[in-house]
Amino acid sequence: MYDFLNINFLRDLKYFFYKVILFSLFLTSSAYSQDLQPEDGYKLISQNLIKAKNHMVVAAHPAAVSAGIEMLRENGSAVDAAIATQLVLNLVEPQSSGIGGGAFLMYLDGKTKELLTYDGRETAPAEATEKLFLTSEGESMRFYDAAIGGRSVGVPGTLALLERVHKAHGRLPWTRLFQPAIAIANNGFPASTRLINSLKGKRKKRIQTNKASADYFFPSGKTLRPGDVIKNRIFAETLSKIANHGSQIFYQGEIAKDIITEVVSNNRNPGKLKLSDLKNYKVIKRKPICHTYRKYKVCGMPPPSSGAISIGQILGILENFNLPKLGPDSIDSWHIIIEAGKLAFADRALYIADSDFVPVPISALLDKSYLSERAKLINLSSSISVPAMAGALPQKTKSSYIPDSSIGRPGTSHISIIDKEGNAVSMTTTIEGAFGSQIMVRGFLLNSELTDFSFLPKIDGKLVANRVQPGKRPRSSMSPTMVFDREGNLILIIGSPGGSRIISYVAQTLIAVLDWGLDIQTAINLGHVVNRNTDTEIELETKAITFTKPLIKRGHKIRQRNLNSGLHVIAIDKENLYGAADPRREGKAQGD
Ligand code: GLY
C-alpha cells in the first residue's frame, strides 16, 4: 500500500508527528461536532472572521481588494468595486485573469432582490472547426501544443462584461474605476511570491515562447524575486485608452487590430481569430440556476458553465444522506461526497455544454427524484468504479452524445463583494491555464480558453456535446454562487478558481458551512477531497490525509497532492458581514 502511495520513510515520520497534532485537534473538533444541531449549522459564525457592517471585498490580492474598497468608500456600488478589483488583479495576478480572458458575474440587486447572471465567456472564432485541436492524423493534440500560441485564443469577454454591468449597475464614472490599476501599473507593484513561483520550472519555458511576455516577466533575461517592483506602463496606457474610449477601442479599434495580429501571426501556433469575431462579441444575460439544498436556496451560473448544475447535482445527491449528523470527521461523509462527485462529473461529461448550441436537460439533471435514484448507487462499504456512467434521463431529454474527458486548468480567480445597499457580486474570472496562451498584447495576456472544449469532436462515431463549433462558448466549471435562507435573505457569496475542481471546492465548502456549521474560514481551510470521476485526490498536509487508509479500504484509488483552491467567501447575517480568503493563495478579505 505504501508503494502505491509512494510515501517514503521520512514522510512517514512527518505524518506521525502530524497525526499527533491532528489527534489533539480532533479531540476539540469532535466535541464541536457532537454539539452541532444539523438545522443550526449556519448560525455558527466564528468571532475571528474579518467582520464589517457596511461593505466587504474578498479577492486574490491585497492591492486588488484595496481598489475595490476605495470605490465602495466613495459610494461606489458592488459592481464599481468589482471592476476596479478586476483591473488591478489583471496587473498583480496576471497569470489568472484579465481583459484578455472571460468571466461570469452573478449580481443580486439589494433593493429589488432580482438575481441576474452575465455571461462574458470567450467564444470560438467564426472560422474555428471541430478539428481545431486535432493533429493532421486526426488524433487529439497534446495539451500544451494546443494551448500555447494563437490557436487556443477565444474572443475575450471580460472587458465587454465589465462595461455592460457598469452601464446596468454602476454608480461611479467609468474612468474612475480605472485609476487604481493605472496608478499601480505606472508606479509599480512588488511581485508576489505566488506570481514569482508561477514563473518557475516548465512555465518559464512556456512564457518565453512569446517575446512580449518574456520581456515583461524576465526583464533583460533576469529572474525576478518576490518583492521586486514590476511596472507595466504599456498596460497603463491600454487602460487609459479603454477608460477614455470605452470597450470599443478593444473590440473594434487599435487594440483589436493588435490582438488579431498577435494571434494570427503567431509563428508557433497561429489562430483563426478575425476582427469581425471581436466586433461581434456579445455579453449574454442569463437566468441563474437555483435549486434548494435542505433549507437553503443555492443559485449559480447556467451553461456554458457546468458550475450550478454540477454543484446542484452533488448537493441533491447528498440530500439523501444525513451529512449534518455524520459531520466532518466521519469517513462515511467523505465517502459519500466522493461518490456524489463521480456521479455528477459523469453527467457533466455527457450532457453539459453551451446551451445555445446543444440542448442541456437542466431540469432533468436537477430533478430531486432523479438525484435520489442516483444516490441509491452509493454503497457505504464499497466504491463506485470509475468512470461512473452518466445517468439515464427520461426519453425526451435523453442525450445522443458521448461523454468527453476535457479537464480544465486552474488559471482563474474569484471576487466576492457586497455593498452597503446589499447589492452583491460573485464573479469568477479566467484566462484558463496559468498565463493563458502566453501571448501578451499591450501589457495583458490573451486567454487559452478554447482548450476547455473537448479536443475530440467525436468518440466511437458519436458526437461530443462540448466539441468546438464556430461562435460556441467552451464549457466552464466556474461557479460564482450565492446562497439564500428560507426567508430569501442572502447568506453566502462564494466561488473559487481551480479548473474543474472548482465544482468540488465550492460544493465541499457549502457542505462544511451549511451542513456542518463550520465558520467560513474553517470551512475554506478544511483539507480538500476531490473526485472528478477518476482517482480521488486528497490534499497534502491537511487532516484529510488521515482519511486515506480508510478510503482505500472502501476501494478508492487515492492520489495525494496539493489542491490550490482560491475560495473567497462572504457570509451575511442580520448583524454583520463576515469575510474569509483562502490561505492557499494570497487573497484577503476587507470591509468597513
Ligand atoms: N477555465 C476554467 C473554467 O472555465 O472552468
# chains A, B, ... in the order shown; residues from 1 in each chain; ligands from 1
>>> residues_near_ligand(ligand="ligand 1", cutoff="9 Å", atoms="only C-alpha atoms and all ligand atoms", output="PyMOL selection string")
chain A and resi 102-103+121+305-307+407-412+428-433+448-452+474-479+497-503
>>> write_last_selection(atoms="N, CA and C atoms", output="compact mmCIF listing (two decimals), in the first residue's frame")
# COMPACT_ATOMS: atom_id res chain seq x y z
N GLY A 102 -12.08 35.71 -20.02
CA GLY A 102 -13.54 35.70 -19.91
C GLY A 102 -13.98 35.59 -18.46
N ALA A 103 -15.26 35.82 -18.20
CA ALA A 103 -15.73 35.81 -16.81
C ALA A 103 -17.24 35.58 -16.74
N ARG A 121 -18.19 34.85 -21.25
CA ARG A 121 -17.31 33.74 -21.63
C ARG A 121 -16.71 33.98 -23.02
N SER A 305 -21.51 27.39 -18.33
CA SER A 305 -20.83 26.83 -17.16
C SER A 305 -21.55 25.55 -16.72
N SER A 306 -20.75 24.60 -16.26
CA SER A 306 -21.34 23.40 -15.65
C SER A 306 -21.49 23.61 -14.15
N GLY A 307 -21.04 24.80 -13.65
CA GLY A 307 -20.96 25.03 -12.21
C GLY A 307 -22.24 24.75 -11.45
N ILE A 407 -10.69 18.54 -19.11
CA ILE A 407 -10.47 18.69 -17.66
C ILE A 407 -10.53 20.15 -17.20
N GLY A 408 -9.88 21.07 -17.87
CA GLY A 408 -9.87 22.49 -17.43
C GLY A 408 -8.71 22.76 -16.50
N ARG A 409 -8.01 23.87 -16.72
CA ARG A 409 -6.80 24.19 -15.92
C ARG A 409 -7.07 25.35 -14.97
N PRO A 410 -6.23 25.46 -13.94
CA PRO A 410 -6.57 26.40 -12.87
C PRO A 410 -6.00 27.82 -12.99
N GLY A 411 -6.12 28.50 -14.13
CA GLY A 411 -5.66 29.89 -14.21
C GLY A 411 -6.83 30.84 -14.05
N THR A 412 -7.33 30.98 -12.88
CA THR A 412 -8.61 31.63 -12.64
C THR A 412 -8.58 32.36 -11.30
N THR A 428 -16.43 35.02 -11.13
CA THR A 428 -15.25 34.18 -11.37
C THR A 428 -14.71 34.53 -12.74
N THR A 429 -13.40 34.69 -12.82
CA THR A 429 -12.78 35.31 -13.98
C THR A 429 -11.51 34.55 -14.34
N THR A 430 -11.20 34.44 -15.64
CA THR A 430 -10.16 33.47 -16.02
C THR A 430 -9.46 33.84 -17.32
N ILE A 431 -8.20 33.38 -17.45
CA ILE A 431 -7.59 33.33 -18.79
C ILE A 431 -7.23 31.86 -19.09
N GLU A 432 -7.84 30.93 -18.36
CA GLU A 432 -7.68 29.47 -18.49
C GLU A 432 -6.43 29.00 -17.76
N GLY A 433 -5.44 28.43 -18.44
CA GLY A 433 -4.26 27.94 -17.71
C GLY A 433 -3.43 29.12 -17.23
N SER A 448 -6.35 31.17 -23.13
CA SER A 448 -6.24 29.91 -23.89
C SER A 448 -7.53 29.11 -23.66
N GLU A 449 -8.64 29.86 -23.57
CA GLU A 449 -9.90 29.25 -23.10
C GLU A 449 -10.46 28.17 -24.02
N LEU A 450 -10.11 28.24 -25.33
CA LEU A 450 -10.71 27.26 -26.23
C LEU A 450 -10.29 25.83 -25.87
N THR A 451 -9.23 25.72 -25.05
CA THR A 451 -8.83 24.37 -24.61
C THR A 451 -9.82 23.78 -23.61
N ASP A 452 -10.83 24.56 -23.18
CA ASP A 452 -11.89 23.98 -22.35
C ASP A 452 -12.90 23.20 -23.19
N PRO A 474 -16.82 27.57 -24.80
CA PRO A 474 -16.39 26.30 -24.22
C PRO A 474 -17.02 26.07 -22.84
N ARG A 475 -17.32 24.83 -22.54
CA ARG A 475 -17.90 24.52 -21.23
C ARG A 475 -16.93 24.95 -20.13
N SER A 476 -17.48 25.59 -19.11
CA SER A 476 -16.68 26.07 -17.99
C SER A 476 -17.09 25.32 -16.72
N SER A 477 -16.24 25.43 -15.70
CA SER A 477 -16.60 24.93 -14.37
C SER A 477 -16.74 26.07 -13.38
N MET A 478 -16.57 27.29 -13.88
CA MET A 478 -16.57 28.42 -12.95
C MET A 478 -17.95 28.51 -12.29
N SER A 479 -17.93 28.70 -10.98
CA SER A 479 -19.14 28.56 -10.18
C SER A 479 -19.37 29.73 -9.24
N PRO A 497 -11.22 29.63 -7.91
CA PRO A 497 -10.54 29.09 -9.10
C PRO A 497 -10.29 27.60 -8.90
N GLY A 498 -9.69 26.95 -9.91
CA GLY A 498 -9.30 25.55 -9.73
C GLY A 498 -9.69 24.63 -10.88
N GLY A 499 -9.92 25.19 -12.08
CA GLY A 499 -10.31 24.32 -13.20
C GLY A 499 -11.59 23.58 -12.85
N SER A 500 -11.70 22.34 -13.28
CA SER A 500 -12.95 21.63 -12.99
C SER A 500 -13.05 21.23 -11.50
N ARG A 501 -11.94 21.36 -10.77
CA ARG A 501 -12.02 21.11 -9.31
C ARG A 501 -12.83 22.21 -8.61
N ILE A 502 -13.06 23.34 -9.30
CA ILE A 502 -13.86 24.42 -8.70
C ILE A 502 -15.17 23.85 -8.15
N ILE A 503 -15.77 22.97 -8.94
CA ILE A 503 -17.08 22.40 -8.56
C ILE A 503 -16.97 21.71 -7.19
>>> residues_around(residues="Ile260 (chain A)", least_positions_apart="2", cutoff="7 Å", atoms="only C-alpha atoms", output="JSON, numbers by chain")
{"A": [256, 257, 258, 262, 263, 264, 273, 274, 275]}
>>> closest_residue(among="A:Leu224, A:Leu343, A:Leu567, A:Leu105", to="Leu365 (chain A)", atoms="only C-alpha atoms")
A:Leu343
>>> closest_residue(among="A:Ala581, A:Leu445, A:Ala544, A:Leu172", to="Gly495 (chain A)", atoms="only C-alpha atoms")
A:Ala581
>>> closest_residue(among="A:Val529, A:Ile417, A:Ile352, A:Glu575", to="Ala589 (chain A)", atoms="only C-alpha atoms")
A:Ile417
>>> select_by_dssp(residues="region 237-447 of chain A", states="helix (DSSP H, G or I)", output="VMD selection string")
chain A and resid 237 to 245 248 to 251 254 to 264 275 to 279 307 to 318 323 to 326 331 to 351 362 to 366 368 to 375 395 to 397
>>> residues_around(residues="region 63-66 of chain A", least_positions_apart="3", cutoff="12 Å", atoms="only C-alpha atoms", output="VMD selection string")
chain A and resid 55 to 60 69 to 73 81 to 94 177 to 178 180 to 181 183 to 185 188 to 192 413 to 417 568 579 581 586 to 592
>>> closest_residue(among="A:Ile570, A:Ile284, A:Ile418, A:Val530", to="Ala340 (chain A)", atoms="only C-alpha atoms")
A:Val530
>>> residues_around(residues="region 154-171 of chain A", least_positions_apart="3", cutoff="7 Å", atoms="only C-alpha atoms", output="list in words")
Gly76, Ser77, Val79, Asp80, Ile83, Gly98, Ile99, Gly100, Gly101, Gly102, Ala103, Gly120, Arg121, Glu122, Thr123, Ala124, Pro125, Ser247, Asp277, Leu278, Val283, Asn447, Ser448, Glu449 and Leu450 of chain A
>>> atom_distance(atom1="CA of Val298 (chain A)", atom2="CA of Ser426 (chain A)")
12.8 Å
>>> closest_residue(among="A:Ser399, A:Ile311, A:Asp367, A:Asn54", to="Leu577 (chain A)", atoms="only C-alpha atoms")
A:Asn54
>>> closest_residue(among="A:Ala388, A:Ile524, A:Met427, A:Leu195", to="Leu108 (chain A)", atoms="only C-alpha atoms")
A:Met427
>>> select_by_dssp(residues="region 291-411 of chain A", states="strand (DSSP E or B)", output="list in words")
His291, Thr292, Tyr293, Tyr296, Lys297, Val298, Cys299, Gly300, Ser305 and Gly411 of chain A
>>> atom_distance(atom1="CA of Pro270 (chain A)", atom2="CA of Ser454 (chain A)")
19.3 Å
>>> residues_around(residues="Gln313 (chain A)", least_positions_apart="2", cutoff="7 Å", atoms="only C-alpha atoms", output="VMD selection string")
chain A and resid 309 to 311 315 to 317 344 366 371
>>> atom_distance(atom1="CA of Pro361 (chain A)", atom2="CA of Ser405 (chain A)")
19.3 Å
